[in-house]
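Okay, upload-v6.txt is below, compact mmCIF, C-alpha atoms and all ligand atoms:
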# COMPACT_ATOMS: atom_id res chain seq x y z
CA MET A 170 0.00 0.00 0.00
CA ALA A 171 1.36 3.43 -0.92
CA ALA A 172 2.21 5.65 2.00
CA PRO A 173 -0.30 8.49 2.47
CA ALA A 174 0.86 11.68 0.73
CA ALA A 175 2.60 14.11 3.06
CA THR A 176 0.52 17.17 3.76
CA MET A 177 1.14 20.78 4.76
CA LYS A 178 -0.82 23.88 5.73
CA ALA A 179 -1.75 26.39 3.02
CA VAL A 180 -3.96 29.45 2.48
CA VAL A 181 -6.82 28.28 0.27
CA TYR A 182 -9.39 30.50 -1.48
CA ASP A 183 -12.93 29.39 -0.55
CA LYS A 184 -15.20 32.10 -1.97
CA PRO A 185 -15.23 35.90 -2.23
CA PHE A 186 -14.00 37.46 1.03
CA GLU A 187 -13.08 34.06 2.50
CA VAL A 188 -9.79 32.20 2.67
CA ALA A 189 -9.03 29.29 5.01
CA ILE A 190 -6.01 27.43 6.30
CA ARG A 191 -6.26 23.88 4.95
CA GLN A 192 -4.17 20.70 4.97
CA VAL A 193 -3.17 20.11 1.35
CA GLU A 194 -0.75 17.80 -0.39
CA LYS A 195 2.89 18.79 -0.04
CA PRO A 196 4.44 19.72 -3.41
CA GLN A 197 6.74 17.22 -5.12
CA ILE A 198 9.51 17.55 -7.68
CA LEU A 199 7.64 17.05 -10.99
CA HIS A 200 10.42 17.99 -13.41
CA PRO A 201 14.23 17.80 -13.19
CA ASP A 202 14.40 21.64 -13.21
CA ASP A 203 12.17 21.99 -10.11
CA ILE A 204 13.11 22.77 -6.55
CA ILE A 205 10.99 22.61 -3.42
CA VAL A 206 11.40 25.57 -1.09
CA LYS A 207 10.53 25.53 2.61
CA VAL A 208 8.83 28.91 2.89
CA THR A 209 10.12 31.26 5.59
CA THR A 210 8.26 34.40 4.46
CA THR A 211 5.36 34.88 2.04
CA CYS A 212 3.56 38.20 1.60
CA ILE A 213 -0.05 39.20 1.01
CA CYS A 214 -0.26 41.49 -2.02
CA GLY A 215 -2.77 44.05 -3.26
CA SER A 216 -3.06 41.78 -6.30
CA ASP A 217 -4.30 38.95 -4.05
CA LEU A 218 -7.19 41.19 -3.05
CA HIS A 219 -8.54 41.31 -6.62
CA MET A 220 -8.96 37.52 -6.33
CA TYR A 221 -10.06 37.63 -2.68
CA GLU A 222 -12.87 40.05 -3.60
CA GLY A 223 -14.05 37.78 -6.41
CA ARG A 224 -12.97 40.33 -9.02
CA THR A 225 -11.16 37.76 -11.17
CA ALA A 226 -11.86 34.32 -12.56
CA ALA A 227 -10.05 32.68 -9.61
CA GLN A 228 -11.74 29.39 -8.74
CA PRO A 229 -12.29 28.15 -5.17
CA GLY A 230 -9.59 25.78 -3.99
CA ILE A 231 -6.52 27.56 -5.34
CA ILE A 232 -3.61 28.22 -3.00
CA PHE A 233 -2.73 31.93 -2.84
CA GLY A 234 0.75 33.42 -2.60
CA HIS A 235 3.10 34.75 -5.29
CA GLU A 236 5.64 36.59 -3.11
CA ASN A 237 7.71 33.80 -1.66
CA MET A 238 11.11 33.26 -0.09
CA GLY A 239 12.66 30.47 1.90
CA ILE A 240 15.24 27.72 2.07
CA VAL A 241 15.83 25.18 -0.69
CA ASP A 242 14.54 21.86 0.67
CA ARG A 243 14.89 19.57 -2.36
CA VAL A 244 16.47 19.96 -5.80
CA GLY A 245 15.61 18.24 -9.06
CA SER A 246 18.34 16.37 -10.95
CA GLY A 247 18.59 19.08 -13.64
CA VAL A 248 19.26 21.96 -11.26
CA THR A 249 22.85 23.19 -11.43
CA LEU A 250 23.06 26.55 -9.64
CA LEU A 251 21.21 25.76 -6.40
CA LYS A 252 21.67 23.34 -3.53
CA VAL A 253 19.72 22.22 -0.47
CA GLY A 254 20.02 24.87 2.25
CA ASP A 255 20.35 27.89 -0.09
CA ARG A 256 18.27 30.90 0.90
CA VAL A 257 16.27 32.13 -2.09
CA VAL A 258 13.55 34.57 -3.18
CA MET A 259 11.41 34.02 -6.27
CA PRO A 260 9.98 36.57 -8.72
CA PHE A 261 6.18 36.62 -8.54
CA ASN A 262 6.01 35.76 -12.23
CA VAL A 263 7.40 32.33 -13.04
CA ALA A 264 9.34 32.30 -16.30
CA CYS A 265 11.09 29.66 -18.39
CA GLY A 266 14.30 31.55 -19.16
CA ARG A 267 14.47 30.23 -22.71
CA CYS A 268 11.63 31.69 -24.81
CA LEU A 269 11.96 34.84 -26.93
CA ASN A 270 10.63 37.22 -24.28
CA CYS A 271 12.71 35.64 -21.52
CA GLU A 272 15.83 35.89 -23.68
CA GLU A 273 15.09 39.57 -24.22
CA GLY A 274 14.70 40.20 -20.48
CA LYS A 275 10.91 40.43 -20.56
CA SER A 276 10.42 37.61 -18.07
CA ALA A 277 6.95 38.89 -17.11
CA PHE A 278 5.81 37.97 -20.61
CA CYS A 279 7.26 34.46 -20.79
CA THR A 280 5.40 32.80 -23.66
CA HIS A 281 6.22 29.30 -22.42
CA VAL A 282 4.63 29.66 -18.99
CA ASN A 283 1.81 31.81 -20.39
CA PRO A 284 -1.07 32.02 -20.60
CA GLY A 285 -0.10 32.57 -17.05
CA PHE A 286 2.32 34.56 -15.02
CA ALA A 287 2.77 34.06 -11.31
CA GLY A 288 2.20 31.07 -9.11
CA GLY A 289 -0.75 31.41 -6.80
CA TYR A 290 -2.51 33.85 -9.04
CA VAL A 291 -5.49 33.49 -11.30
CA ALA A 292 -4.63 33.24 -15.00
CA MET A 293 -0.97 33.16 -14.06
CA GLY A 294 0.05 29.64 -14.79
CA PRO A 295 -0.70 26.29 -13.27
CA TYR A 296 1.47 26.73 -10.20
CA PRO A 297 0.09 26.50 -6.66
CA GLY A 298 1.04 29.51 -4.56
CA GLY A 299 3.43 29.84 -1.68
CA GLN A 300 1.21 30.95 1.21
CA ALA A 301 1.98 27.49 2.51
CA GLU A 302 4.72 25.58 4.27
CA TYR A 303 6.36 24.53 0.99
CA VAL A 304 6.26 25.70 -2.61
CA ARG A 305 7.44 24.12 -5.86
CA VAL A 306 9.55 26.39 -8.05
CA PRO A 307 9.76 25.40 -11.74
CA PHE A 308 12.74 26.40 -13.93
CA ALA A 309 14.48 26.92 -10.61
CA ASP A 310 17.94 27.94 -11.85
CA PHE A 311 16.28 30.84 -13.68
CA ASN A 312 13.65 31.78 -11.10
CA ALA A 313 15.35 31.50 -7.72
CA LEU A 314 17.58 34.40 -6.69
CA ILE A 315 20.21 33.38 -4.12
CA LEU A 316 20.43 35.47 -0.96
CA PRO A 317 23.11 35.63 1.72
CA PRO A 318 22.63 32.83 4.29
CA GLY A 319 21.13 33.52 7.69
CA THR A 320 18.10 35.57 8.58
CA GLU A 321 19.35 39.13 8.13
CA HIS A 322 17.23 41.48 5.96
CA GLU A 323 14.42 38.88 5.81
CA GLU A 324 11.70 41.54 5.46
CA ASP A 325 13.62 43.53 2.84
CA PHE A 326 14.49 40.47 0.75
CA ALA A 327 10.88 39.23 0.85
CA LEU A 328 9.89 42.41 -0.96
CA LEU A 329 12.18 41.47 -3.88
CA ALA A 330 9.54 38.97 -5.01
CA ASP A 331 7.26 41.72 -6.23
CA ILE A 332 6.70 45.15 -4.81
CA PHE A 333 10.21 46.62 -4.67
CA PRO A 334 11.01 45.65 -8.29
CA THR A 335 7.45 46.57 -9.34
CA GLY A 336 7.69 50.04 -7.81
CA TRP A 337 11.09 50.51 -9.45
CA HIS A 338 9.61 49.28 -12.75
CA GLY A 339 6.75 51.79 -12.49
CA VAL A 340 9.30 54.60 -12.32
CA GLU A 341 11.29 53.04 -15.17
CA LEU A 342 8.16 52.76 -17.35
CA SER A 343 7.51 56.47 -16.86
CA GLY A 344 10.81 57.29 -18.57
CA PHE A 345 12.11 58.95 -15.41
CA ARG A 346 15.51 60.67 -15.35
CA PRO A 347 17.36 61.87 -12.21
CA GLY A 348 16.33 65.36 -11.15
CA GLU A 349 12.80 65.09 -12.49
CA SER A 350 9.62 65.45 -10.47
CA VAL A 351 7.27 62.50 -10.07
CA VAL A 352 3.73 61.91 -8.89
CA VAL A 353 2.72 58.47 -7.68
CA PHE A 354 -1.00 57.67 -7.43
CA GLY A 355 -1.65 55.08 -4.72
CA ALA A 356 0.29 54.74 -1.47
CA GLY A 357 -0.26 51.02 -1.16
CA PRO A 358 2.85 48.85 -1.06
CA VAL A 359 3.49 49.26 -4.79
CA GLY A 360 2.99 53.03 -4.74
CA LEU A 361 5.22 53.43 -1.70
CA MET A 362 7.92 51.35 -3.42
CA ALA A 363 7.59 53.47 -6.58
CA ALA A 364 7.94 56.63 -4.50
CA TYR A 365 10.92 55.16 -2.61
CA SER A 366 12.53 54.16 -5.92
CA ALA A 367 12.07 57.67 -7.26
CA VAL A 368 13.75 59.04 -4.13
CA LEU A 369 16.63 56.52 -4.42
CA ARG A 370 17.02 57.42 -8.09
CA GLY A 371 17.32 61.16 -7.45
CA ALA A 372 13.91 62.68 -8.08
CA SER A 373 13.61 66.36 -7.20
CA ASP A 374 10.05 66.22 -5.87
CA VAL A 375 7.88 63.15 -5.28
CA TYR A 376 4.14 63.58 -4.68
CA VAL A 377 2.17 60.61 -3.37
CA VAL A 378 -1.63 60.54 -3.67
CA ASP A 379 -3.93 58.42 -1.50
CA ARG A 380 -6.70 58.79 1.07
CA VAL A 381 -5.41 56.34 3.72
CA VAL A 382 -3.66 58.40 6.38
CA GLU A 383 -1.22 55.71 7.62
CA ARG A 384 -0.06 55.18 4.06
CA LEU A 385 0.38 58.89 3.37
CA ASN A 386 2.39 59.14 6.59
CA LYS A 387 4.77 56.45 5.33
CA ALA A 388 5.24 58.45 2.13
CA LYS A 389 6.04 61.53 4.19
CA ASP A 390 8.54 59.57 6.30
CA ILE A 391 10.64 58.81 3.19
CA GLY A 392 10.68 62.44 2.10
CA CYS A 393 7.70 62.58 -0.26
CA ILE A 394 4.88 65.13 -0.35
CA PRO A 395 1.60 63.48 0.69
CA ILE A 396 -1.57 64.47 -1.19
CA ASP A 397 -4.89 63.41 0.35
CA PHE A 398 -7.41 63.13 -2.48
CA SER A 399 -10.31 62.78 -0.04
CA LYS A 400 -9.80 66.45 0.87
CA ALA A 401 -9.76 67.93 -2.65
CA ASP A 402 -8.94 67.02 -6.24
CA ALA A 403 -5.38 65.64 -6.27
CA VAL A 404 -4.31 67.34 -9.49
CA ASP A 405 -5.58 70.73 -8.30
CA GLN A 406 -3.66 70.30 -5.04
CA ILE A 407 -0.41 69.40 -6.82
CA LEU A 408 -0.66 72.20 -9.38
CA LYS A 409 -1.38 74.66 -6.59
CA LEU A 410 1.68 73.54 -4.62
CA ARG A 411 3.80 73.94 -7.77
CA GLY A 412 2.47 77.33 -8.83
CA GLY A 413 0.69 75.74 -11.80
CA LYS A 414 3.67 73.77 -13.10
CA GLU A 415 2.99 70.17 -14.09
CA VAL A 416 5.21 67.25 -13.02
CA ASP A 417 7.62 65.41 -15.32
CA ARG A 418 6.54 61.83 -14.68
CA GLY A 419 3.55 60.00 -13.25
CA VAL A 420 3.07 56.49 -11.89
CA ASP A 421 -0.30 54.73 -11.59
CA ALA A 422 0.06 52.36 -8.63
CA VAL A 423 -3.71 51.99 -8.19
CA GLY A 424 -5.12 50.24 -11.26
CA TYR A 425 -8.68 49.40 -12.25
CA GLN A 426 -10.14 49.50 -8.74
CA ALA A 427 -9.46 53.24 -8.38
CA THR A 428 -12.10 55.06 -6.37
CA SER A 429 -13.57 58.51 -6.05
CA GLY A 430 -12.34 60.78 -3.24
CA ASP A 431 -14.79 59.42 -0.68
CA GLY A 432 -13.59 55.89 -1.43
CA LYS A 433 -17.16 54.75 -2.06
CA THR A 434 -17.47 54.65 -5.84
CA GLU A 435 -15.17 52.79 -8.20
CA GLN A 436 -13.98 54.82 -11.14
CA PRO A 437 -11.62 52.69 -13.24
CA ASN A 438 -10.38 55.66 -15.28
CA ALA A 439 -9.84 58.09 -12.38
CA VAL A 440 -6.07 57.75 -12.15
CA LEU A 441 -5.38 57.64 -15.90
CA GLU A 442 -7.39 60.82 -16.35
CA ALA A 443 -5.59 62.56 -13.49
CA LEU A 444 -2.16 61.53 -14.79
CA ILE A 445 -2.89 62.95 -18.23
CA ARG A 446 -3.83 66.24 -16.59
CA VAL A 447 -0.92 66.53 -14.20
CA VAL A 448 2.07 65.34 -16.28
CA ARG A 449 3.82 67.92 -18.47
CA PRO A 450 3.74 67.79 -22.29
CA THR A 451 6.18 65.08 -23.54
CA GLY A 452 6.40 63.63 -20.02
CA GLY A 453 5.74 59.99 -19.29
CA LEU A 454 3.30 57.71 -17.50
CA GLY A 455 4.32 54.43 -15.89
CA ILE A 456 1.34 52.17 -15.25
CA PRO A 457 2.16 49.16 -13.07
CA GLY A 458 -1.33 49.34 -11.50
CA LEU A 459 -3.37 46.41 -12.75
CA TYR A 460 -5.98 46.62 -15.54
CA VAL A 461 -7.77 43.45 -16.60
CA PRO A 462 -9.36 42.32 -19.88
CA SER A 463 -12.45 41.12 -18.04
CA ASP A 464 -13.83 42.15 -14.66
CA PRO A 465 -16.82 40.30 -13.20
CA GLY A 466 -17.49 43.13 -10.72
CA ALA A 467 -16.98 46.16 -12.97
CA PRO A 468 -19.07 49.29 -12.38
CA ASP A 469 -20.24 49.36 -16.04
CA SER A 470 -20.51 47.04 -19.05
CA ALA A 471 -17.55 48.58 -20.91
CA ALA A 472 -15.22 48.20 -17.92
CA ALA A 473 -16.45 44.62 -17.55
CA LYS A 474 -14.76 43.94 -20.89
CA GLY A 475 -11.65 45.90 -19.95
CA TYR A 476 -12.63 49.02 -21.94
CA ILE A 477 -11.50 52.00 -19.90
CA SER A 478 -12.32 55.43 -21.30
CA PHE A 479 -9.78 58.19 -20.89
CA PRO A 480 -8.89 61.38 -22.81
CA PHE A 481 -6.71 59.91 -25.52
CA GLY A 482 -6.95 63.21 -27.41
CA LYS A 483 -5.31 65.07 -24.55
CA LEU A 484 -2.67 62.36 -24.22
CA PHE A 485 -1.88 62.79 -27.93
CA GLU A 486 -1.90 66.57 -27.73
CA LYS A 487 0.60 66.46 -24.88
CA GLY A 488 2.78 63.90 -26.64
CA LEU A 489 2.84 61.73 -23.55
CA THR A 490 4.40 58.30 -23.56
CA LEU A 491 3.08 55.46 -21.49
CA GLY A 492 4.34 52.09 -20.37
CA THR A 493 2.27 49.32 -18.84
CA GLY A 494 2.37 45.72 -17.77
CA GLN A 495 3.71 43.36 -15.21
CA CYS A 496 7.16 43.89 -13.84
CA ASN A 497 10.05 41.95 -15.32
CA VAL A 498 11.28 41.19 -11.82
CA LYS A 499 14.44 39.47 -13.05
CA THR A 500 15.63 42.67 -14.70
CA TYR A 501 15.95 44.33 -11.32
CA ASN A 502 15.94 41.90 -8.41
CA ARG A 503 19.64 41.07 -8.10
CA TYR A 504 20.62 44.74 -8.19
CA LEU A 505 17.94 45.69 -5.68
CA ARG A 506 19.14 42.78 -3.50
CA ASP A 507 22.63 44.28 -3.62
CA LEU A 508 21.30 47.75 -2.68
CA ILE A 509 19.75 46.07 0.38
CA ILE A 510 22.96 44.22 1.27
CA SER A 511 25.05 47.38 0.95
CA GLY A 512 22.62 49.22 3.21
CA ARG A 513 21.58 51.78 0.60
CA ALA A 514 17.99 50.55 0.41
CA LYS A 515 15.67 49.42 3.17
CA PRO A 516 12.27 48.84 1.56
CA SER A 517 10.91 47.10 4.70
CA PHE A 518 9.72 50.45 6.05
CA VAL A 519 6.52 49.53 4.22
CA VAL A 520 5.95 46.35 6.28
CA SER A 521 3.21 46.82 8.85
CA HIS A 522 2.64 43.26 10.10
CA ASN A 523 4.57 40.02 10.58
CA LEU A 524 2.10 37.22 11.35
CA PRO A 525 2.00 33.43 11.53
CA LEU A 526 0.41 31.76 8.48
CA SER A 527 -2.50 30.70 10.69
CA GLU A 528 -3.61 34.33 10.94
CA ALA A 529 -4.01 34.73 7.18
CA PRO A 530 -7.84 34.72 7.19
CA SER A 531 -8.11 37.73 9.50
CA ALA A 532 -5.11 39.43 7.88
CA TYR A 533 -6.82 39.23 4.47
CA HIS A 534 -9.94 40.73 5.96
CA LYS A 535 -8.16 43.69 7.54
CA PHE A 536 -5.82 44.31 4.62
CA ASP A 537 -8.82 44.29 2.28
CA LYS A 538 -10.51 46.95 4.42
CA ARG A 539 -7.21 48.88 4.66
CA ILE A 540 -7.84 49.17 8.42
CA ASP A 541 -5.63 48.98 11.53
CA GLY A 542 -2.66 50.21 9.51
CA TYR A 543 -2.56 47.03 7.39
CA THR A 544 -0.20 48.10 4.62
CA LYS A 545 2.07 45.12 3.93
CA VAL A 546 1.58 41.79 5.67
CA LEU A 547 4.31 39.15 5.84
CA LEU A 548 3.22 35.62 6.76
CA HIS A 549 5.56 33.10 8.37
CA PRO A 550 4.54 29.43 7.99
N1 LIG B 1 2.56 45.51 -12.69
C1 LIG B 1 2.88 44.61 -11.78
O1 LIG B 1 3.77 43.80 -11.99
C2 LIG B 1 2.17 44.61 -10.45
C3 LIG B 1 2.73 43.90 -9.37
C4 LIG B 1 2.09 43.99 -8.13
C5 LIG B 1 0.93 44.71 -8.00
N2 LIG B 1 0.39 45.34 -9.08
C6 LIG B 1 -0.83 46.16 -8.98
O2 LIG B 1 -0.47 47.43 -8.46
C7 LIG B 1 -1.62 48.01 -7.84
C8 LIG B 1 -1.26 48.49 -6.45
O3 LIG B 1 -0.89 47.39 -5.63
P1 LIG B 1 -0.88 47.56 -4.05
O4 LIG B 1 -0.47 46.25 -3.48
O5 LIG B 1 -0.11 48.75 -3.66
O6 LIG B 1 -2.45 47.76 -3.82
P2 LIG B 1 -3.32 48.46 -2.68
O7 LIG B 1 -4.71 48.12 -3.03
O8 LIG B 1 -2.79 48.09 -1.33
O9 LIG B 1 -3.09 50.03 -2.87
C9 LIG B 1 -3.81 50.82 -3.74
C10 LIG B 1 -3.99 52.19 -3.09
O10 LIG B 1 -4.60 53.06 -4.03
C11 LIG B 1 -5.42 53.95 -3.32
N3 LIG B 1 -6.37 54.56 -4.27
C12 LIG B 1 -7.59 54.12 -4.69
N4 LIG B 1 -8.12 54.98 -5.58
C13 LIG B 1 -7.22 55.98 -5.73
C14 LIG B 1 -7.21 57.18 -6.50
N5 LIG B 1 -8.24 57.49 -7.31
N6 LIG B 1 -6.14 58.01 -6.39
C15 LIG B 1 -5.09 57.70 -5.56
N7 LIG B 1 -5.05 56.57 -4.81
C16 LIG B 1 -6.11 55.73 -4.89
C17 LIG B 1 -6.05 53.09 -2.25
O11 LIG B 1 -6.50 53.87 -1.15
C18 LIG B 1 -4.89 52.17 -1.86
O12 LIG B 1 -4.16 52.66 -0.74
C19 LIG B 1 -2.69 46.92 -7.85
O13 LIG B 1 -3.53 47.14 -8.96
C20 LIG B 1 -1.87 45.66 -8.04
O14 LIG B 1 -2.64 44.63 -8.60
C21 LIG B 1 1.00 45.30 -10.29
ZN ZN B 2 2.33 40.79 -5.42
ZN ZN B 3 10.02 32.20 -21.13
Can you dump the structure from the file as structure tokens?
Ligand SMILES: NC(=O)c1ccc[n+]([C@@H]2O[C@H](COP(=O)([O-])OP(=O)(O)OC[C@H]3O[C@@H](n4cnc5c(N)ncnc54)[C@H](O)[C@@H]3O)[C@@H](O)[C@H]2O)c1
Ligand SMILES: [Zn+2]
Ligand SMILES: [Zn+2]
Amino acid sequence: MAAPAATMKAVVYDKPFEVAIRQVEKPQILHPDDIIVKVTTTCICGSDLHMYEGRTAAQPGIIFGHENMGIVDRVGSGVTLLKVGDRVVMPFNVACGRCLNCEEGKSAFCTHVNPGFAGGYVAMGPYPGGQAEYVRVPFADFNALILPPGTEHEEDFALLADIFPTGWHGVELSGFRPGESVVVFGAGPVGLMAAYSAVLRGASDVYVVDRVVERLNKAKDIGCIPIDFSKADAVDQILKLRGGKEVDRGVDAVGYQATSGDGKTEQPNAVLEALIRVVRPTGGLGIPGLYVPSDPGAPDSAAAKGYISFPFGKLFEKGLTLGTGQCNVKTYNRYLRDLIISGRAKPSFVVSHNLPLSEAPSAYHKFDKRIDGYTKVLLHP
């Protein structure tokens, strides 16, 4: 008789606004290029909330978690760069390392793994997520970034899976050059990382727009100018502060679930419209905030099909450029790791909670409500 499969605890999606801790099968090596990682830290992401709220095609039963780090527990026979005991962090988007886009450094658009991007995310590949005790990492030599041994910088390194590179990417997509001014819409983890990246990269002024006070305070702490859009129109406030002068670059770190100033009504085009108003002619927009081709909970039938209306005529008139899409984490993560090691970057200022995996259900609830200062939650299985 075969031995019963080993099991582990994992965060499983039950239905909108409900996740549970369940015993599930422990992952196995399925291909020679796989490794199994014993997870030490796995983060909850704003992107998880789109699934949590039932705003994607995510089906009940999937294991969440695409921001994972830990210790290599088992290696497949084809793995050459990693060994048991290595400390590693994985990009949120799994990539093969050998298709056209991967070869060109566009690992977020891997055509081999797609349709699909990250593990533990709807429409992001067949890989179970890492909000669990163990996670399988395919194409491990390509996807696992080696970290210094030990436990130092655990919080900072965990953010290399997604939000630190994604914030940096948002600034990159905007065409930013040192000395320029930047506005970042959204002071969630991604927005705060974009603002922090702009500061690290030598921006002259960085404005950060949100309505959550704890988040705006974090932006202020790193030397940015907080703009509370629940008080008055964000663009009006910024132009007033600047004597009417527009900013050079803008980053959308909000995406399709943007709201009106009172936070009550969703307005998927709110941030795009504001960016087009506030960025100077021939400036640039970086749009890491998520937009989806279909949205089961959209406020109108056009948005349900991913049609977002915004003033394209004005965008054209101003000669603005824009860049969108998921972050090619591999383009940045080893350099950002080295900035952390050298002490020049400490992105963990954004972390608000370190919790055991067992507290995931309540952590999702509070993070979703953006209450009790829940900004970035790290789970420890
Ligand atoms: N491109 C990528 O690779 C990538 C990676 C990770 C996350 N994302 C996306 O980035 C976005 C932000 O992620 P997050 O984790 O920071 O999410 P989050 O939900 O924690 O933060 C979004 C913030 O935007 C604020 N907001 C809402 N409407 C606004 C408006 N009109 N103006 C200004 N601020 C507004 C909210 O108050 C909230 O604080 C999400 O859409 C997420 O899916 C993209
Ligand atoms: Zn994420
Ligand atoms: Zn590929």
Next item on the list: Could you tell me, counting all atoms listed in the file, which protein and nucleic acid residues lie no more than 6 Å from ligand ZN 3 (chain B), written as a list in words?
Entry: Ala264, Cys265, Gly266, Arg267, Cys268, Asn270, Cys271, Cys279, Thr280 and His281 of chain A
Note to self: So, with all atoms listed in the file as the atoms that count, which of A:Asn262, A:Ser373, A:Gln300, A:Asn438 lies closest to A:Ile232?
What the structure shows: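 Residue with the minimum atom-to-atom distance to A:Ile232: A:Gln300.
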Checklist line | Surrounding residues as an MDAnalysis selection string, ligand LIG 1 (chain B), max 7 Å, only C-alpha atoms and all ligand atoms | finding: chainID A and resid 214:216 331:332 335 354:360 378:381 384 398 422:430 432 439:440 457:459 494:496 544
Margin query: To one decimal place in Å, what is the distance between atom CA of A:Val193 and atom CA of A:Val208?
Written below: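 Distance between the two atoms: 15.0 Å.
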Note to self: From the options A:Leu484, A:Leu329, A:Ala529, A:Val244, which residue's atoms come nearest to ligand ZN 2 (chain B), counting only C-alpha atoms and all ligand atoms?
What the structure shows: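 Of all the options, A:Leu329 lies closest to ligand ZN 2 (chain B).
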Item checked: Neighbour list for A:Cys212 as a list of chain:residue names, cut-off 8 Å, only C-alpha atoms, skip fewer than 6 positions in-chain ->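 Counting only C-alpha atoms, the residues come to A:Gly234, A:His235, A:Glu236, A:Asn237, A:Gln300, A:Ala327, A:Lys545, A:Val546, A:Leu547, A:Leu548.
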Checklist line | Within 7 Å of stretch 183-185 of chain A using only C-alpha atoms, minus same-chain residues under 6 positions, as a list in words | finding: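 My list of contacting residues is Tyr221, Glu222, Gly223, Pro229 and Gly230 of chain A.
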Notebook entry, point to check: With only C-alpha atoms and all ligand atoms as the atoms that count, which of A:Tyr476, A:Phe518, A:Tyr533, A:Phe261 lies nearest to ligand ZN 2 (chain B)?
Noted result: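 Checking each of A:Tyr476, A:Phe518, A:Tyr533, A:Phe261 against ligand ZN 2 (chain B), counting only C-alpha atoms and all ligand atoms, the winner is A:Phe261.
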Next item on the list: Pick out the closest residue to ligand ZN 2 (chain B) from this set: A:Leu385, A:Met259, A:Leu316, A:Val206. Count only C-alpha atoms and all ligand atoms.
Entry: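 When distances to ligand ZN 2 (chain B) are compared using only C-alpha atoms and all ligand atoms, the smallest one comes from A:Met259.
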Check: For A:Leu269, which residue among A:Val282, A:Thr225, A:Gly348, A:Asp431 is the nearest when counting all atoms listed in the file?
Finding: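 That would be A:Val282, the residue with the smallest distance to A:Leu269.
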Next item on the list: Go ahead and compute the interatomic distance for atom CA of A:Glu323 and atom CA of A:Ser517, in Å to one decimal.
Entry: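 Atom-to-atom, atom CA of A:Glu323 to atom CA of A:Ser517, that is 9.0 Å.
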Checklist line | Of the listed residues A:Val420, A:Leu314, A:Leu526, A:Val263, that which approaches A:Tyr504 most closely, counting all atoms listed in the file | finding: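 Closest to A:Tyr504 of all the choices is A:Leu314.
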Note to self: So the first atom is atom CA of A:Asp242 and the second is atom CA of A:Ile204; what is the distance between them in Å, to one decimal place?
What the structure shows: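 We find that atom CA of A:Asp242 and atom CA of A:Ile204 lie 7.4 Å from each other.
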Can you list, as an mmCIF file with C-alpha atoms, in the coordinates of the input, every protein, DNA or RNA residue that comes within 12 Å of A:Pro465 when you count only C-alpha atoms, leaving out same-chain residues fewer than 4 positions away?
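Here's the written file selection-v4.cif:
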data_model
loop_
_atom_site.group_PDB
_atom_site.id
_atom_site.type_symbol
_atom_site.label_atom_id
_atom_site.label_comp_id
_atom_site.auth_asym_id
_atom_site.auth_seq_id
_atom_site.Cartn_x
_atom_site.Cartn_y
_atom_site.Cartn_z
ATOM 1 C CA PRO A 185 -15.230 35.900 -2.230
ATOM 2 C CA HIS A 219 -8.540 41.310 -6.620
ATOM 3 C CA MET A 220 -8.960 37.520 -6.330
ATOM 4 C CA GLU A 222 -12.870 40.050 -3.600
ATOM 5 C CA GLY A 223 -14.050 37.780 -6.410
ATOM 6 C CA ARG A 224 -12.970 40.330 -9.020
ATOM 7 C CA THR A 225 -11.160 37.760 -11.170
ATOM 8 C CA ALA A 226 -11.860 34.320 -12.560
ATOM 9 C CA ALA A 227 -10.050 32.680 -9.610
ATOM 10 C CA VAL A 461 -7.770 43.450 -16.600
ATOM 11 C CA ASP A 469 -20.240 49.360 -16.040
ATOM 12 C CA SER A 470 -20.510 47.040 -19.050
ATOM 13 C CA ALA A 471 -17.550 48.580 -20.910
ATOM 14 C CA ALA A 472 -15.220 48.200 -17.920
ATOM 15 C CA ALA A 473 -16.450 44.620 -17.550
ATOM 16 C CA LYS A 474 -14.760 43.940 -20.890
ATOM 17 C CA GLY A 475 -11.650 45.900 -19.950
#
Margin query: So that I can see what lies close to A:Val306, please list as a list in words the residues with an atom at most 8 Å from it, counting all atoms listed in the file and leaving out residues fewer than 3 positions away in the same chain.
Written below: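 Using all atoms listed in the file, the neighbours found are Asp203, Ile204, Ile205, Val206, Ala309, Asn312 and Ala313 of chain A.
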Please complete stretch 260-265 of chain A so it has N, CA and C atoms, and hand it over as a tab-separated table (two decimals), in the coordinates of the input.
chain	number	residue	atom	x	y	z
A	260	PRO	N	10.83	35.55	-8.11
A	260	PRO	CA	9.98	36.57	-8.72
A	260	PRO	C	8.53	36.10	-8.71
A	261	PHE	N	7.58	37.05	-8.59
A	261	PHE	CA	6.18	36.62	-8.54
A	261	PHE	C	5.74	35.99	-9.85
A	262	ASN	N	6.39	36.36	-10.96
A	262	ASN	CA	6.01	35.76	-12.23
A	262	ASN	C	7.02	34.69	-12.63
A	263	VAL	N	6.56	33.46	-12.63
A	263	VAL	CA	7.40	32.33	-13.04
A	263	VAL	C	7.72	32.47	-14.52
A	264	ALA	N	8.96	32.21	-14.90
A	264	ALA	CA	9.34	32.30	-16.30
A	264	ALA	C	10.28	31.16	-16.66
A	265	CYS	N	10.34	30.84	-17.97
A	265	CYS	CA	11.09	29.66	-18.39
A	265	CYS	C	12.57	29.94	-18.61
